[in-house]
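To keep things clear, I will list the structure first and then write my remarks on it.
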Amino acid sequence: MEVKRNILLNPGPATTTDSVKFAQVVPDICPREKEFGLIMEFISKELTNMVASNDKYTTVLFGGSGTASVEAILSSVVDNNDTILIINNGAYGKRMCEIAEIYNLNYIEFKSSPIDAIDFVKLEEIIKHSKKKITHLSVVHHETSTGLLSDIKRIGEICKKYGVEMIVDAMSSFAAIPIDMEEMNIKYLASSANKCIQGMAGISFVISNIDSLEKTKNIKARNLYLNLYKQYDYFKNTYQMRFTPPVQVIYALKQAIIECNNETIEKRYSRYKMCCNILWDGLEKLGLNKLVDEKNHSMLITSVIEPQIKGYSFEKMHKYLYDRGFTIYPGKISLENTFRIANIGEIYPEDMEKFIKLLKEYFNTIV
Ligand SMILES: Cc1ncc(COP(=O)(O)O)c(C=O)c1O
C-alpha cells in the first residue's frame, strides 16, 4: 500500500517514514501481556539511553500529548514547602506557569525575552537572593513558539551551584539536539513521541534521575493519572503503564527509536540543519526576515516575520502550499506577526528546495 507523502513543516507531529506508519499495523494484543511489556521495556531503556545512563535515570511513559509529561513533572515533584522558579521566555514557559497556578505550587516566574538569550547573571541573582529557597527550576530547552534555543548547560551549572533540581521541557529538541542529562545536571526531562523522534502522537514521556524521583515518593498526589512516582513505581515492577496505553502508537515509537538509533542524534541534527540552511538561504533571497537571531537559534523551527506586501495573506499562502503537499504553521507570539516553518521529521534537503521553489511561486502570484 502506498501512503501519500505529505511534508509537515509545522512543529510536530512531524513527517514520519512509511516504516514507522506501517509499524502500527500489528496483530491485536493485550497491553498487559509479557510480549508487550518487552516492547515497553525496550522503549523506556532506549529513550533513557539517548540522554543518560539507565543506571541513574529512567523513562516513565504516559498516554497523552506532550503537555501531559510537563504537567506530570510539575504536579508530582514540587512539594508544598518547595519553590519552583519557572523561566518564561515563550508560550511553553507560560504554559508551565499556568500548570503551576492550577496546582497551587509556590512558583516564581522569571520572565525573559522571547527572542534573546536568558540573562544568566540576573537568573543567578534571583536564585541567590530569593527569600524562599528555590528548590526547583524549570525551563524550555527549545521554545517551539519562536525557535529560540536556551543554553541549558549554563542553567544546569547555576542549578548545581545552588542545589536546585532542574526540569527541562525538551519537547522539540529531544532526539535532535544532543543532551547529556547528567553532565547538564538535569533531573527531569519531558518530551513526546511525535516531534524529532519521528514517531506518532499519543505518547509523552518523562526521563528522571532515579534518586530525585525516589525522593518524591511521599509527596501527596495532586492528581491520579499524571502522578510521576506512581507511574514509575508501577512501571518498574511490571513494564506496564497504570492505564491503557495507545498500543499501536507504542509499536510506531519502537520503530522510530530504531530508526533514530540507526541515524544517530548527531547526524539527525546535521540533516535538520542542512534543511534549515536551505530554508534560510531561500528566505533571504525572498527578502523575508527571521524573528530570532542566528546565534540564539535552534535551526529546528524558524519564525518568519510576515512581509508587508499588498495581497499577502497567511491563509492564502498556507492553502497554496498545502494543496501542493506542504504544511506550514501560523505564528505564536504577540511581539510580531509571524509564521513558522519547522524543518524536523523525515525530510531531506531536496524537500526544502522544493518548498522554497513553491514559496517563490506563491510570492510571484501576488507581486
Ligand atoms: C516546547 C513544548 N512544550 C510543550 C508542548 C506541548 O505539547 P503538546 O501540544 O503535544 O501537548 C509543545 C508542543 O509543541 C512544545 O513545543
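For the C-alpha cells, the naming scheme is as follows: chains receive sequential letters (A, B, ...) according to their order of presentation, residues are indexed from 1 within each chain, and ligands are indexed from 1 in presentation order.
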Considering only C-alpha atoms, return as number ranges by chain whatever protein or nucleic-acid residues lie within 9 Å of Glu336 of chain A, sequence-local ones (same chain, fewer than 3 positions apart) excluded.
A: 291, 305-306, 331, 333
Please produce a file of the residues just selected, as a PDB file, in the first residue's frame, where the atoms kept are N, CA, C and O atoms.
```pdb
ATOM      1  N   LEU A 291      12.713  36.061  12.949  1.00  0.00           N
ATOM      2  CA  LEU A 291      12.445  36.732  14.220  1.00  0.00           C
ATOM      3  C   LEU A 291      13.620  36.611  15.185  1.00  0.00           C
ATOM      4  O   LEU A 291      13.971  37.549  15.885  1.00  0.00           O
ATOM      5  N   ILE A 305       9.087  36.754   9.937  1.00  0.00           N
ATOM      6  CA  ILE A 305       8.268  37.963  10.081  1.00  0.00           C
ATOM      7  C   ILE A 305       7.433  38.130   8.807  1.00  0.00           C
ATOM      8  O   ILE A 305       7.968  38.062   7.688  1.00  0.00           O
ATOM      9  N   GLU A 306       6.145  38.316   8.998  1.00  0.00           N
ATOM     10  CA  GLU A 306       5.264  38.409   7.821  1.00  0.00           C
ATOM     11  C   GLU A 306       5.616  39.641   6.998  1.00  0.00           C
ATOM     12  O   GLU A 306       5.844  40.723   7.546  1.00  0.00           O
ATOM     13  N   GLY A 331       2.103  31.864  13.351  1.00  0.00           N
ATOM     14  CA  GLY A 331       2.987  32.288  14.441  1.00  0.00           C
ATOM     15  C   GLY A 331       2.302  32.127  15.785  1.00  0.00           C
ATOM     16  O   GLY A 331       1.090  31.891  15.863  1.00  0.00           O
ATOM     17  N   ILE A 333       3.239  34.359  18.704  1.00  0.00           N
ATOM     18  CA  ILE A 333       3.899  35.374  19.524  1.00  0.00           C
ATOM     19  C   ILE A 333       3.216  36.710  19.254  1.00  0.00           C
ATOM     20  O   ILE A 333       2.874  37.005  18.100  1.00  0.00           O
TER      21      ILE A 333
END
```
Go through the chains and note each residue within 7 Å of ligand 1, using only C-alpha atoms and all ligand atoms, then give the set as a PyMOL selection string.
chain A and resi 11-12+65-68+92+140+142-145+169-172+192
Selection from above, all heavy atoms, as a compact mmCIF listing (two decimals), in the first residue's frame, can you write it?
```txt
# COMPACT_ATOMS: atom_id res chain seq x y z
N PRO A 11 5.46 22.49 13.51
CA PRO A 11 6.41 21.97 14.53
C PRO A 11 5.93 20.70 15.23
O PRO A 11 5.88 20.62 16.44
CB PRO A 11 6.51 23.13 15.51
CG PRO A 11 5.26 23.90 15.34
CD PRO A 11 4.75 23.69 13.96
N GLY A 12 5.60 19.71 14.52
CA GLY A 12 5.16 18.43 15.06
C GLY A 12 3.66 18.41 15.22
O GLY A 12 3.07 19.46 15.48
N SER A 65 -0.59 13.79 25.11
CA SER A 65 0.30 14.65 24.30
C SER A 65 1.42 15.18 25.18
O SER A 65 1.47 14.89 26.38
CB SER A 65 -0.51 15.79 23.67
OG SER A 65 -0.77 16.78 24.63
N GLY A 66 2.31 15.97 24.62
CA GLY A 66 3.48 16.45 25.34
C GLY A 66 3.17 17.15 26.65
O GLY A 66 3.89 17.00 27.64
N THR A 67 2.09 17.90 26.67
CA THR A 67 1.74 18.66 27.88
C THR A 67 1.56 17.71 29.07
O THR A 67 1.83 18.09 30.22
CB THR A 67 0.44 19.47 27.63
OG1 THR A 67 0.65 20.27 26.45
CG2 THR A 67 0.11 20.39 28.79
N ALA A 68 1.14 16.48 28.80
CA ALA A 68 0.93 15.51 29.89
C ALA A 68 2.22 15.30 30.68
O ALA A 68 2.20 15.26 31.92
CB ALA A 68 0.42 14.19 29.32
N TYR A 92 5.51 28.17 25.78
CA TYR A 92 5.56 26.92 26.57
C TYR A 92 6.09 27.15 27.98
O TYR A 92 5.77 26.39 28.89
CB TYR A 92 6.32 25.84 25.80
CG TYR A 92 5.54 25.50 24.54
CD1 TYR A 92 5.96 25.96 23.28
CD2 TYR A 92 4.35 24.82 24.63
CE1 TYR A 92 5.19 25.71 22.15
CE2 TYR A 92 3.57 24.57 23.51
CZ TYR A 92 4.00 25.01 22.27
OH TYR A 92 3.23 24.78 21.17
N VAL A 140 12.24 25.73 29.25
CA VAL A 140 12.01 25.09 27.96
C VAL A 140 13.32 25.14 27.18
O VAL A 140 13.90 26.22 27.03
CB VAL A 140 10.90 25.84 27.18
CG1 VAL A 140 10.72 25.24 25.79
CG2 VAL A 140 9.59 25.80 27.95
N HIS A 142 13.96 24.30 23.93
CA HIS A 142 13.74 24.93 22.62
C HIS A 142 12.32 25.46 22.59
O HIS A 142 11.37 24.68 22.59
CB HIS A 142 13.95 23.87 21.51
CG HIS A 142 13.55 24.37 20.17
ND1 HIS A 142 12.90 23.59 19.24
CD2 HIS A 142 13.71 25.60 19.59
CE1 HIS A 142 12.67 24.31 18.15
NE2 HIS A 142 13.15 25.53 18.34
N GLU A 143 12.19 26.80 22.60
CA GLU A 143 10.85 27.40 22.55
C GLU A 143 10.31 27.24 21.13
O GLU A 143 10.66 27.99 20.22
CB GLU A 143 10.91 28.88 22.95
CG GLU A 143 10.27 29.22 24.27
CD GLU A 143 8.80 28.80 24.47
OE1 GLU A 143 8.08 28.61 23.46
OE2 GLU A 143 8.38 28.66 25.62
N THR A 144 9.43 26.28 21.00
CA THR A 144 8.88 25.96 19.68
C THR A 144 8.02 27.10 19.14
O THR A 144 7.73 27.15 17.96
CB THR A 144 8.05 24.66 19.79
OG1 THR A 144 8.67 23.80 20.77
CG2 THR A 144 7.99 23.92 18.49
N SER A 145 7.64 28.00 20.04
CA SER A 145 6.82 29.13 19.59
C SER A 145 7.62 30.13 18.76
O SER A 145 7.05 30.92 18.01
CB SER A 145 6.19 29.83 20.80
OG SER A 145 7.18 30.12 21.76
N ASP A 169 11.83 21.10 29.73
CA ASP A 169 10.87 20.71 28.68
C ASP A 169 11.67 20.67 27.38
O ASP A 169 12.06 21.70 26.84
CB ASP A 169 9.74 21.76 28.62
CG ASP A 169 8.83 21.56 27.41
OD1 ASP A 169 9.15 20.75 26.52
OD2 ASP A 169 7.78 22.23 27.36
N ALA A 170 11.95 19.44 26.94
CA ALA A 170 12.76 19.26 25.72
C ALA A 170 11.89 18.70 24.60
O ALA A 170 12.35 17.91 23.78
CB ALA A 170 13.93 18.33 26.01
N MET A 171 10.63 19.16 24.61
CA MET A 171 9.65 18.59 23.68
C MET A 171 10.15 18.57 22.25
O MET A 171 10.06 17.55 21.57
CB MET A 171 8.37 19.44 23.77
CG MET A 171 7.11 18.69 23.46
SD MET A 171 6.81 17.36 24.62
CE MET A 171 6.53 18.22 26.15
N SER A 172 10.67 19.70 21.80
CA SER A 172 11.01 19.78 20.36
C SER A 172 12.51 19.77 20.12
O SER A 172 12.95 20.08 19.01
CB SER A 172 10.36 21.02 19.74
OG SER A 172 10.77 22.17 20.45
N SER A 192 7.97 14.13 23.89
CA SER A 192 6.89 13.31 23.35
C SER A 192 7.34 12.62 22.07
O SER A 192 8.38 12.94 21.50
CB SER A 192 5.64 14.15 23.10
OG SER A 192 5.83 14.98 22.00
```
Output as a VMD selection string all residues of segment 166-241 of chain A that backbone DSSP marks as strand (DSSP E or B).
chain A and resid 166 to 169 186 to 192 203 to 209
From the set A:Lys273, A:Lys195, A:Arg340, A:Lys56, which residue has the shortest atom-to-atom contact distance to Thr15 of chain A, counting only C-alpha atoms?
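Closest residue, counting only C-alpha atoms: A:Lys195.
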Close residues, Leu321 of chain A itself excluded, 9 Å, only C-alpha atoms, min 4 positions apart in chain, as a PyMOL selection string
chain A and resi 316-317+325-328+355+358-359+362
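Omitting segment 217-226 of chain A and its sequence neighbours fewer than 2 positions away, and counting only C-alpha atoms, the residues within 8 Å are Phe62, Ala68, Ser69, Glu71, Ala72, Ser75, Ser76, Val77, Asp79, Tyr103, Leu213, Glu214, Lys215, Leu228, Tyr229, Gln231 and Phe243 of chain A.
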Filtering to C-alpha atoms, could you give me those residues as a short mmCIF file (atom, residue, chain, number, x, y, z; two decimals), in the first residue's frame?
```
data_model
loop_
_atom_site.label_atom_id
_atom_site.label_comp_id
_atom_site.auth_asym_id
_atom_site.auth_seq_id
_atom_site.Cartn_x
_atom_site.Cartn_y
_atom_site.Cartn_z
CA PHE A 62 2.24 8.42 29.81
CA ALA A 68 0.93 15.51 29.89
CA SER A 69 4.59 14.89 30.69
CA GLU A 71 2.17 18.53 33.85
CA ALA A 72 3.20 15.17 35.35
CA SER A 75 2.40 18.37 39.64
CA SER A 76 4.42 15.50 41.13
CA VAL A 77 7.87 16.69 42.16
CA ASP A 79 6.23 19.62 47.37
CA TYR A 103 -1.81 23.09 41.12
CA LEU A 213 12.38 10.63 41.71
CA GLU A 214 12.67 8.32 44.71
CA LYS A 215 12.66 11.38 46.96
CA LEU A 228 5.01 10.57 38.17
CA TYR A 229 6.12 8.47 41.13
CA GLN A 231 3.55 5.66 37.22
CA PHE A 243 -3.75 2.91 32.45
#
```
